[in-house]
$ cat model-v9.txt   # compact mmCIF, C-alpha atoms (C1' of nucleotides)
# COMPACT_ATOMS: atom_id res chain seq x y z
CA MET U 30 12.50 -8.43 3.10
CA GLY U 31 9.09 -6.86 3.34
CA VAL U 32 10.80 -4.23 5.42
CA THR U 33 10.98 -0.73 4.04
CA LYS U 34 14.22 1.23 4.40
CA THR U 35 12.49 4.28 5.83
CA GLU U 36 15.72 5.73 7.14
CA ILE U 37 17.01 6.65 3.72
CA PHE U 38 14.00 8.78 2.81
CA THR U 39 12.89 12.18 4.00
CA SER U 40 10.21 12.33 6.64
CA GLU U 41 7.96 14.01 4.09
CA GLN U 42 8.34 11.11 1.71
CA ASN U 43 7.67 8.63 4.49
CA ARG U 44 4.68 10.58 5.73
CA LEU U 45 3.07 10.82 2.32
CA ALA U 46 3.71 7.14 1.63
CA THR U 47 2.15 6.19 4.97
CA MET U 48 -0.98 8.21 4.30
CA LEU U 49 -1.32 6.78 0.83
CA LYS U 50 -0.84 3.27 2.13
CA ALA U 51 -3.62 3.84 4.64
CA MET U 52 -5.94 4.62 1.74
CA ALA U 53 -4.54 2.03 -0.65
CA HIS U 54 -7.12 -0.67 -0.13
CA PRO U 55 -10.54 -0.90 -1.77
CA ALA U 56 -12.20 -1.65 1.56
CA ARG U 57 -10.71 1.47 3.10
CA ILE U 58 -11.69 3.54 0.07
CA ALA U 59 -15.21 2.18 0.45
CA ILE U 60 -15.22 2.92 4.17
CA LEU U 61 -14.12 6.50 3.59
CA GLU U 62 -16.77 6.91 0.91
CA GLN U 63 -19.44 5.63 3.27
CA ILE U 64 -18.30 7.85 6.10
CA ILE U 65 -18.38 10.84 3.79
CA LYS U 66 -21.68 9.94 2.18
CA SER U 67 -23.66 9.38 5.35
CA ASN U 68 -22.62 12.82 6.45
CA ALA U 69 -23.18 11.88 10.02
CA CYS U 70 -20.56 9.34 10.81
CA ILE U 71 -21.96 5.88 10.75
CA CYS U 72 -20.63 3.23 13.04
CA GLY U 73 -20.56 -0.47 12.45
CA ASP U 74 -23.23 -0.62 9.81
CA LEU U 75 -20.12 -0.68 7.68
CA ALA U 76 -19.70 -4.41 8.11
CA GLU U 77 -23.16 -4.85 6.64
CA GLU U 78 -22.81 -2.28 3.88
CA LEU U 79 -19.55 -3.73 2.64
CA GLY U 80 -19.42 -7.49 2.57
CA LEU U 81 -16.67 -7.99 5.10
CA ALA U 82 -16.66 -9.54 8.56
CA GLN U 83 -16.84 -7.25 11.58
CA PRO U 84 -13.27 -7.90 12.76
CA THR U 85 -11.99 -7.11 9.29
CA ILE U 86 -13.82 -3.78 9.22
CA SER U 87 -12.63 -3.00 12.71
CA GLN U 88 -9.08 -3.59 11.60
CA HIS U 89 -9.42 -1.34 8.56
CA LEU U 90 -10.95 1.38 10.73
CA LYS U 91 -8.03 1.06 13.09
CA GLU U 92 -5.57 1.61 10.26
CA LEU U 93 -7.41 4.67 9.02
CA LYS U 94 -7.53 5.97 12.54
CA SER U 95 -3.87 5.38 13.28
CA ALA U 96 -3.05 7.21 10.06
CA GLY U 97 -5.08 10.05 11.49
CA LEU U 98 -7.52 10.19 8.61
CA ILE U 99 -10.58 9.43 10.70
CA GLN U 100 -11.55 9.78 14.32
CA GLY U 101 -13.89 7.70 16.42
CA THR U 102 -16.09 8.86 19.25
CA ILE U 103 -17.76 6.44 21.58
CA ASP U 104 -21.50 6.93 21.59
CA GLY U 105 -23.01 4.50 24.01
CA VAL U 106 -22.37 1.02 22.79
CA LYS U 107 -21.59 2.22 19.31
CA VAL U 108 -18.63 4.08 17.95
CA CYS U 109 -19.06 6.99 15.64
CA TYR U 110 -16.42 7.45 12.95
CA CYS U 111 -15.88 10.53 10.89
CA ILE U 112 -13.24 12.26 8.82
CA GLU U 113 -10.53 14.04 10.74
CA PRO U 114 -10.80 17.37 8.89
CA LYS U 115 -7.28 18.64 9.53
CA ALA U 116 -5.45 15.55 8.34
CA TRP U 117 -7.87 15.28 5.45
CA GLU U 118 -7.20 18.83 4.30
CA LEU U 119 -3.49 18.48 4.78
CA LEU U 120 -3.28 15.32 2.73
CA HIS U 121 -5.43 16.86 0.05
CA LYS U 122 -3.13 19.86 -0.10
CA ASP U 123 0.03 17.76 -0.13
CA LEU U 124 -1.25 15.53 -2.89
CA ASN U 125 -2.32 18.52 -4.90
CA ALA U 126 1.15 19.98 -4.65
CA PHE U 127 2.66 16.63 -5.55
CA PHE U 128 0.57 16.21 -8.66
CA LYS U 129 0.93 19.80 -9.74
CA ALA U 130 4.72 19.50 -9.67
CA HIS U 131 4.48 17.78 -13.02
CA GLN U 132 3.11 20.24 -15.51
CA GLY U 133 1.52 19.48 -18.78
CA PRO U 134 2.24 16.88 -21.44
CA ALA U 135 5.46 18.59 -22.47
CA ASP U 136 7.39 15.37 -22.05
CA CYS U 137 10.66 13.97 -23.12
CA CYS U 138 10.21 10.34 -24.07
CA MET T 136 -5.08 -13.95 4.04
CA GLY T 137 -3.02 -11.28 2.34
CA VAL T 138 -5.54 -11.62 -0.45
CA THR T 139 -7.89 -8.73 -1.08
CA LYS T 140 -11.53 -9.47 -1.83
CA THR T 141 -11.57 -7.29 -4.92
CA GLU T 142 -14.77 -8.84 -6.19
CA ILE T 143 -16.95 -7.17 -3.59
CA PHE T 144 -15.86 -3.65 -4.48
CA THR T 145 -16.63 -1.46 -7.46
CA SER T 146 -14.07 -1.26 -10.22
CA GLU T 147 -13.64 2.41 -9.37
CA GLN T 148 -12.75 1.57 -5.79
CA ASN T 149 -10.34 -1.10 -6.93
CA ARG T 150 -8.78 1.15 -9.51
CA LEU T 151 -8.19 4.00 -7.09
CA ALA T 152 -6.79 1.63 -4.46
CA THR T 153 -4.41 0.15 -7.03
CA MET T 154 -3.11 3.53 -8.09
CA LEU T 155 -2.66 4.64 -4.51
CA LYS T 156 -0.86 1.42 -3.66
CA ALA T 157 1.52 2.02 -6.55
CA MET T 158 2.46 5.33 -4.96
CA ALA T 159 2.33 4.14 -1.36
CA HIS T 160 6.02 3.56 -0.82
CA PRO T 161 8.64 6.16 0.06
CA ALA T 162 10.99 4.86 -2.62
CA ARG T 163 8.32 5.23 -5.27
CA ILE T 164 7.43 8.70 -4.01
CA ALA T 165 11.12 9.57 -4.23
CA ILE T 166 11.37 8.11 -7.72
CA LEU T 167 8.39 10.11 -8.92
CA GLU T 168 9.82 13.26 -7.37
CA GLN T 169 13.14 12.66 -9.13
CA ILE T 170 11.47 11.98 -12.46
CA ILE T 171 9.48 15.17 -12.13
CA LYS T 172 12.36 17.28 -10.89
CA SER T 173 14.84 16.35 -13.59
CA ASN T 174 12.32 17.36 -16.16
CA ALA T 175 13.96 15.22 -18.72
CA CYS T 176 13.38 11.69 -17.60
CA ILE T 177 16.41 10.28 -15.94
CA CYS T 178 17.20 6.63 -16.17
CA GLY T 179 19.12 4.55 -13.72
CA ASP T 180 20.87 7.36 -11.94
CA LEU T 181 18.00 6.69 -9.60
CA ALA T 182 19.80 3.83 -7.93
CA GLU T 183 22.59 6.23 -7.09
CA GLU T 184 20.39 9.15 -6.08
CA LEU T 185 18.32 7.05 -3.72
CA GLY T 186 20.27 4.59 -1.65
CA LEU T 187 18.77 1.42 -3.04
CA ALA T 188 20.25 -1.38 -5.10
CA GLN T 189 19.65 -1.37 -8.82
CA PRO T 190 17.36 -4.42 -8.86
CA THR T 191 15.25 -2.80 -6.18
CA ILE T 192 14.85 0.39 -8.19
CA SER T 193 14.10 -1.61 -11.28
CA GLN T 194 11.34 -3.40 -9.41
CA HIS T 195 9.81 -0.17 -8.12
CA LEU T 196 9.94 1.30 -11.62
CA LYS T 197 8.16 -1.76 -12.90
CA GLU T 198 5.36 -1.29 -10.40
CA LEU T 199 4.93 2.36 -11.28
CA LYS T 200 4.94 1.42 -14.93
CA SER T 201 2.44 -1.39 -14.58
CA ALA T 202 0.15 1.02 -12.74
CA GLY T 203 0.50 3.22 -15.79
CA LEU T 204 1.88 6.19 -13.89
CA ILE T 205 5.17 6.29 -15.77
CA GLN T 206 6.43 5.17 -19.13
CA GLY T 207 9.86 4.04 -20.18
CA THR T 208 11.53 4.52 -23.51
CA ILE T 209 14.66 2.68 -24.46
CA ASP T 210 17.44 5.07 -25.38
CA GLY T 211 20.43 3.05 -26.39
CA VAL T 212 21.61 1.11 -23.40
CA LYS T 213 19.67 3.28 -21.00
CA VAL T 214 15.99 3.56 -20.34
CA CYS T 215 14.31 6.88 -20.04
CA TYR T 216 11.41 7.11 -17.63
CA CYS T 217 8.87 9.87 -17.42
CA ILE T 218 5.40 10.60 -16.15
CA GLU T 219 2.55 9.22 -18.20
CA PRO T 220 0.60 12.49 -18.45
CA LYS T 221 -2.84 11.00 -19.03
CA ALA T 222 -2.83 8.60 -16.09
CA TRP T 223 -1.24 11.31 -13.97
CA GLU T 224 -3.95 13.83 -14.77
CA LEU T 225 -6.70 11.28 -14.32
CA LEU T 226 -5.49 10.21 -10.92
CA HIS T 227 -5.06 13.83 -9.89
CA LYS T 228 -8.63 14.53 -10.93
CA ASP T 229 -10.04 11.44 -9.24
CA LEU T 230 -8.26 12.16 -6.00
CA ASN T 231 -9.40 15.75 -6.09
CA ALA T 232 -13.00 14.63 -6.45
CA PHE T 233 -12.54 12.10 -3.67
CA PHE T 234 -11.13 14.63 -1.23
CA LYS T 235 -13.61 17.31 -2.16
CA ALA T 236 -16.50 14.99 -1.38
CA HIS T 237 -15.95 15.78 2.26
CA GLN T 238 -16.65 19.43 2.79
CA GLY T 239 -15.50 21.56 5.64
CA PRO T 240 -15.10 20.88 9.35
CA ALA T 241 -18.87 20.69 9.88
CA ASP T 242 -18.55 17.35 11.56
CA CYS T 243 -20.57 15.22 13.84
CA CYS T 244 -18.30 13.63 16.41
C1' DC L 335 -26.63 -8.70 38.49
C1' DC L 336 -27.66 -10.98 33.90
C1' DC L 337 -28.23 -10.51 29.15
C1' DA L 338 -28.06 -8.61 24.58
C1' DT L 339 -25.62 -5.69 21.47
C1' DA L 340 -21.53 -3.28 19.57
C1' DT L 341 -16.77 -3.09 19.01
C1' DA L 342 -11.90 -4.47 19.81
C1' DT L 343 -8.30 -7.88 20.27
C1' DT L 344 -6.01 -12.29 19.59
C1' DG L 345 -4.35 -15.87 16.94
C1' DC L 346 -3.91 -17.96 13.06
C1' DA L 347 -3.52 -19.28 7.67
C1' DA L 348 -2.77 -17.65 3.13
C1' DT L 349 -0.65 -14.49 0.37
C1' DA L 350 1.90 -10.09 -0.81
C1' DT L 351 5.73 -6.95 -0.41
C1' DT L 352 10.47 -5.40 -0.01
C1' DA L 353 15.19 -5.87 -0.76
C1' DC L 354 19.18 -7.74 -2.82
C1' DG L 355 22.79 -11.02 -4.83
C1' DA L 356 23.46 -13.47 -8.87
C1' DT L 357 22.76 -13.56 -13.41
C1' DA L 358 20.81 -12.84 -17.96
C1' DG L 359 19.93 -9.86 -21.97
C1' DA L 360 20.77 -5.96 -24.79
C1' DT L 361 23.46 -2.27 -26.76
C1' DA L 362 27.39 0.57 -27.73
C1' DT L 363 32.43 0.94 -28.31
C1' DA L 364 37.03 -0.56 -29.06
C1' DT B 1169 34.11 -10.20 -31.89
C1' DA B 1170 35.29 -9.08 -27.11
C1' DT B 1171 34.25 -6.00 -23.52
C1' DA B 1172 32.04 -2.74 -20.70
C1' DT B 1173 27.71 -0.69 -19.30
C1' DC B 1174 22.93 -0.53 -18.31
C1' DT B 1175 18.66 -2.70 -17.17
C1' DA B 1176 15.60 -6.66 -16.25
C1' DT B 1177 14.67 -11.08 -14.22
C1' DC B 1178 15.19 -14.96 -10.97
C1' DG B 1179 15.51 -16.78 -6.62
C1' DT B 1180 15.28 -16.20 -1.90
C1' DA B 1181 14.97 -14.39 2.92
C1' DA B 1182 12.61 -11.48 5.99
C1' DT B 1183 8.69 -9.18 7.02
C1' DA B 1184 3.83 -7.21 6.22
C1' DT B 1185 -0.96 -7.50 4.94
C1' DT B 1186 -5.57 -9.41 4.63
C1' DG B 1187 -9.31 -11.89 6.40
C1' DC B 1188 -11.82 -14.32 9.75
C1' DA B 1189 -13.25 -17.36 13.82
C1' DA B 1190 -13.03 -17.17 18.51
C1' DT B 1191 -12.98 -14.46 22.21
C1' DA B 1192 -12.60 -10.41 25.13
C1' DT B 1193 -14.41 -5.94 26.55
C1' DA B 1194 -17.69 -2.42 27.24
C1' DT B 1195 -22.24 -0.35 27.56
C1' DG B 1196 -27.24 -0.15 28.16
C1' DG B 1197 -31.70 -2.42 29.38
C1' DG B 1198 -34.33 -5.31 32.27
$ encode --input "model-v9.txt" --output "structure tokens"
Amino acid sequence: MGVTKTEIFTSEQNRLATMLKAMAHPARIAILEQIIKSNACICGDLAEELGLAQPTISQHLKELKSAGLIQGTIDGVKVCYCIEPKAWELLHKDLNAFFKAHQGPADCC
Amino acid sequence: MGVTKTEIFTSEQNRLATMLKAMAHPARIAILEQIIKSNACICGDLAEELGLAQPTISQHLKELKSAGLIQGTIDGVKVCYCIEPKAWELLHKDLNAFFKAHQGPADCC
DNA sequence: CCCATATATTGCAATATTACGATAGATATA
DNA sequence: TATATCTATCGTAATATTGCAATATATGGG
């Protein structure tokens, strides 16, 4: 149905899935990479850098923002986006824990 | 259009996005957690453990498998799923590098 | 105030995802 | 062989996502 049964999962599972979904698009990966690379947070040069239309970029930025991964500050006419350090660190930590839960190649099948 | 312009991104960006998308669903997070927890790779007890129908679980397993994150071995009538250690380690490493690229709260905006 | 520039929002069209019932296939056991 | 069990696939309904043109909004300069 295209509708996820969120109610049967823990809030942790839902939260992690939501964060991952926010990142799970090449354009959003590219946007995050750009924001990180140009240490200062670039604005709407993104539309030029990547080959997507301005509304499309705006929409991707909105998704990253609503996930809490980035923040935007209005700077005159432009908007300045950068990583939201707390959410970034938290997600990094959570993912680390998730991946570490499976140790080594001591497998069964 | 619901269709991602994969051709304008690097294969690395596409690969990472694909892996993240494979994990970006609470049911698939839950499945991975179960597979990891019950160290031996459980099979279709998953449908019972989580509250989803068997075809739904089967579909999620297929997605995780086609992303290469898990592998399934036929064991009589049942199928035994477990983490694919190589892909798991690689993704862990890639994500670590990705998150580490942004250092500290020395931000701009 | 008018205009140019930067960004957000709206409204689509095309496709993808999620979930499940029904059913098929495959294997063990009686 | 017949039957029960486990898993995969098919088909379908109900959303969700992606992308963009058109348009709205907001800010600074003249």
$ residues_around --input "model-v9.txt" --residues "Lys107 in chain U" --least-positions-apart "5" --cutoff "12 Å" --atoms "only C-alpha atoms (C1' of nucleotides)" --output "list of chain:residue names"
U:Cys70, U:Ile71, U:Cys72, U:Gly73, U:Asp74, U:Gly101, U:Thr102, L:DT339, L:DA340, L:DT341, L:DA342, B:DA1194, B:DT1195, B:DG1196
$ write_last_selection --input "model-v9.txt" --atoms "C-alpha atoms (C1' of nucleotides)" --output "PDB file, keeping the file's coordinate frame"
ATOM      1  CA  CYS U  70     -20.560   9.340  10.810  1.00  0.00           C
ATOM      2  CA  ILE U  71     -21.960   5.880  10.750  1.00  0.00           C
ATOM      3  CA  CYS U  72     -20.630   3.230  13.040  1.00  0.00           C
ATOM      4  CA  GLY U  73     -20.560  -0.470  12.450  1.00  0.00           C
ATOM      5  CA  ASP U  74     -23.230  -0.620   9.810  1.00  0.00           C
ATOM      6  CA  GLY U 101     -13.890   7.700  16.420  1.00  0.00           C
ATOM      7  CA  THR U 102     -16.090   8.860  19.250  1.00  0.00           C
TER       8      THR U 102
ATOM      9  C1'  DT L 339     -25.620  -5.690  21.470  1.00  0.00           C
ATOM     10  C1'  DA L 340     -21.530  -3.280  19.570  1.00  0.00           C
ATOM     11  C1'  DT L 341     -16.770  -3.090  19.010  1.00  0.00           C
ATOM     12  C1'  DA L 342     -11.900  -4.470  19.810  1.00  0.00           C
TER      13       DA L 342
ATOM     14  C1'  DA B1194     -17.690  -2.420  27.240  1.00  0.00           C
ATOM     15  C1'  DT B1195     -22.240  -0.350  27.560  1.00  0.00           C
ATOM     16  C1'  DG B1196     -27.240  -0.150  28.160  1.00  0.00           C
TER      17       DG B1196
END
$ closest_residue --input "model-v9.txt" --among "U:Lys50, U:Glu78, U:Phe128, U:Val32" --to "Ile64 in chain U" --atoms "all atoms listed in the file"
U:Glu78
$ interface_residues --input "model-v9.txt" --of "chain B" --to "chain U" --cutoff "7 Å" --atoms "only C-alpha atoms (C1' of nucleotides)" --output "NGL selection string"
:B and (1181-1184 or 1187-1188 or 1195)
$ interface_residues --input "model-v9.txt" --of "chain U" --to "chain T" --cutoff "7 Å" --atoms "all atoms listed in the file" --output "MDAnalysis selection string"
chainID U and resid 37:38 42:43 46:47 49:50 52:55 58:59 65 69:70 80 102 109 111 114 121 128 130:131 134 137:138
$ interface_residues --input "model-v9.txt" --of "chain L" --to "chain U" --cutoff "6 Å" --atoms "only C-alpha atoms (C1' of nucleotides)" --output "PyMOL selection string"
chain L and resi 340+351-353
$ atom_distance --input "model-v9.txt" --atom1 "CA of Leu225 in chain T" --atom2 "CA of Ser67 in chain U"
26.0 Å
$ atom_distance --input "model-v9.txt" --atom1 "C1' of DA338 in chain L" --atom2 "CA of Glu77 in chain U"
19.0 Å
$ atom_distance --input "model-v9.txt" --atom1 "C1' of DT1177 in chain B" --atom2 "C1' of DA360 in chain L"
13.2 Å
$ axis_aligned_box --input "model-v9.txt" --around "range 66-79 of chain U" --padding-each-side "6 Å" --output "lines of an AutoDock Vina configuration file"
center_x = -21.6
center_y = 4.0
center_z = 7.6
size_x = 16.1
size_y = 29.7
size_z = 22.9
$ closest_residue --input "model-v9.txt" --among "L:DA356, L:DA362, L:DC336, L:DC346" --to "DA1190 in chain B" --atoms "only C-alpha atoms (C1' of nucleotides)"
L:DC346
$ residues_around --input "model-v9.txt" --residues "DA364 in chain L" --least-positions-apart "3" --cutoff "12 Å" --atoms "all atoms listed in the file" --output "number ranges by chain"
B: 1169-1172
$ build_atoms --input "model-v9.txt" --residues "range 53-85 of chain U" --atoms "N, CA and C atoms" --output "mmCIF file, keeping the file's coordinate frame"
data_model
loop_
_atom_site.group_PDB
_atom_site.id
_atom_site.type_symbol
_atom_site.label_atom_id
_atom_site.label_comp_id
_atom_site.auth_asym_id
_atom_site.auth_seq_id
_atom_site.Cartn_x
_atom_site.Cartn_y
_atom_site.Cartn_z
ATOM 1 N N ALA U 53 -4.764 2.878 0.518
ATOM 2 C CA ALA U 53 -4.540 2.030 -0.650
ATOM 3 C C ALA U 53 -5.141 0.646 -0.504
ATOM 4 N N HIS U 54 -6.407 0.610 -0.179
ATOM 5 C CA HIS U 54 -7.120 -0.670 -0.130
ATOM 6 C C HIS U 54 -8.582 -0.403 -0.446
ATOM 7 N N PRO U 55 -9.161 -1.181 -1.361
ATOM 8 C CA PRO U 55 -10.540 -0.900 -1.770
ATOM 9 C C PRO U 55 -11.510 -0.832 -0.600
ATOM 10 N N ALA U 56 -11.303 -1.677 0.405
ATOM 11 C CA ALA U 56 -12.200 -1.650 1.560
ATOM 12 C C ALA U 56 -12.093 -0.314 2.282
ATOM 13 N N ARG U 57 -10.890 0.211 2.377
ATOM 14 C CA ARG U 57 -10.710 1.470 3.100
ATOM 15 C C ARG U 57 -11.212 2.643 2.262
ATOM 16 N N ILE U 58 -11.081 2.531 0.952
ATOM 17 C CA ILE U 58 -11.690 3.540 0.070
ATOM 18 C C ILE U 58 -13.209 3.507 0.290
ATOM 19 N N ALA U 59 -13.756 2.328 0.285
ATOM 20 C CA ALA U 59 -15.210 2.180 0.450
ATOM 21 C C ALA U 59 -15.656 2.713 1.805
ATOM 22 N N ILE U 60 -14.889 2.431 2.827
ATOM 23 C CA ILE U 60 -15.220 2.920 4.170
ATOM 24 C C ILE U 60 -15.209 4.442 4.195
ATOM 25 N N LEU U 61 -14.191 5.034 3.619
ATOM 26 C CA LEU U 61 -14.120 6.500 3.590
ATOM 27 C C LEU U 61 -15.302 7.070 2.812
ATOM 28 N N GLU U 62 -15.627 6.448 1.702
ATOM 29 C CA GLU U 62 -16.770 6.910 0.910
ATOM 30 C C GLU U 62 -18.055 6.861 1.724
ATOM 31 N N GLN U 63 -18.245 5.775 2.450
ATOM 32 C CA GLN U 63 -19.440 5.630 3.270
ATOM 33 C C GLN U 63 -19.490 6.695 4.361
ATOM 34 N N ILE U 64 -18.366 6.865 5.021
ATOM 35 C CA ILE U 64 -18.300 7.850 6.100
ATOM 36 C C ILE U 64 -18.620 9.242 5.570
ATOM 37 N N ILE U 65 -18.125 9.526 4.382
ATOM 38 C CA ILE U 65 -18.380 10.840 3.790
ATOM 39 C C ILE U 65 -19.838 10.962 3.363
ATOM 40 N N LYS U 66 -20.335 9.907 2.727
ATOM 41 C CA LYS U 66 -21.680 9.940 2.180
ATOM 42 C C LYS U 66 -22.727 10.148 3.281
ATOM 43 N N SER U 67 -22.725 9.243 4.245
ATOM 44 C CA SER U 67 -23.660 9.380 5.350
ATOM 45 C C SER U 67 -23.094 10.435 6.273
ATOM 46 N N ASN U 68 -23.325 11.658 5.884
ATOM 47 C CA ASN U 68 -22.620 12.820 6.450
ATOM 48 C C ASN U 68 -22.368 12.649 7.940
ATOM 49 N N ALA U 69 -23.419 12.311 8.663
ATOM 50 C CA ALA U 69 -23.180 11.880 10.020
ATOM 51 C C ALA U 69 -22.322 10.636 9.913
ATOM 52 N N CYS U 70 -21.512 10.425 10.887
ATOM 53 C CA CYS U 70 -20.560 9.340 10.810
ATOM 54 C C CYS U 70 -21.167 8.038 11.302
ATOM 55 N N ILE U 71 -21.406 7.170 10.386
ATOM 56 C CA ILE U 71 -21.960 5.880 10.750
ATOM 57 C C ILE U 71 -20.966 5.065 11.559
ATOM 58 N N CYS U 72 -21.451 3.990 12.099
ATOM 59 C CA CYS U 72 -20.630 3.230 13.040
ATOM 60 C C CYS U 72 -20.261 1.886 12.460
ATOM 61 N N GLY U 73 -20.945 0.860 12.864
ATOM 62 C CA GLY U 73 -20.560 -0.470 12.450
ATOM 63 C C GLY U 73 -21.558 -1.053 11.494
ATOM 64 N N ASP U 74 -22.379 -0.181 10.914
ATOM 65 C CA ASP U 74 -23.230 -0.620 9.810
ATOM 66 C C ASP U 74 -22.324 -0.957 8.644
ATOM 67 N N LEU U 75 -21.093 -0.487 8.750
ATOM 68 C CA LEU U 75 -20.120 -0.680 7.680
ATOM 69 C C LEU U 75 -19.959 -2.157 7.329
ATOM 70 N N ALA U 76 -19.890 -2.982 8.348
ATOM 71 C CA ALA U 76 -19.700 -4.410 8.110
ATOM 72 C C ALA U 76 -20.820 -4.956 7.242
ATOM 73 N N GLU U 77 -22.033 -4.395 7.445
ATOM 74 C CA GLU U 77 -23.160 -4.850 6.640
ATOM 75 C C GLU U 77 -23.086 -4.274 5.238
ATOM 76 N N GLU U 78 -22.842 -2.973 5.165
ATOM 77 C CA GLU U 78 -22.810 -2.280 3.880
ATOM 78 C C GLU U 78 -21.787 -2.944 2.938
ATOM 79 N N LEU U 79 -20.570 -3.020 3.396
ATOM 80 C CA LEU U 79 -19.550 -3.730 2.640
ATOM 81 C C LEU U 79 -19.735 -5.195 3.008
ATOM 82 N N GLY U 80 -19.159 -6.078 2.286
ATOM 83 C CA GLY U 80 -19.420 -7.490 2.570
ATOM 84 C C GLY U 80 -18.305 -8.147 3.361
ATOM 85 N N LEU U 81 -17.790 -7.432 4.350
ATOM 86 C CA LEU U 81 -16.670 -7.990 5.100
ATOM 87 C C LEU U 81 -17.066 -8.272 6.555
ATOM 88 N N ALA U 82 -16.380 -9.189 7.178
ATOM 89 C CA ALA U 82 -16.660 -9.540 8.560
ATOM 90 C C ALA U 82 -16.353 -8.376 9.491
ATOM 91 N N GLN U 83 -17.008 -8.363 10.639
ATOM 92 C CA GLN U 83 -16.840 -7.250 11.580
ATOM 93 C C GLN U 83 -15.390 -7.066 12.015
ATOM 94 N N PRO U 84 -14.665 -8.131 12.366
ATOM 95 C CA PRO U 84 -13.270 -7.900 12.760
ATOM 96 C C PRO U 84 -12.436 -7.289 11.639
ATOM 97 N N THR U 85 -12.748 -7.657 10.422
ATOM 98 C CA THR U 85 -11.990 -7.110 9.290
ATOM 99 C C THR U 85 -12.234 -5.604 9.174
#
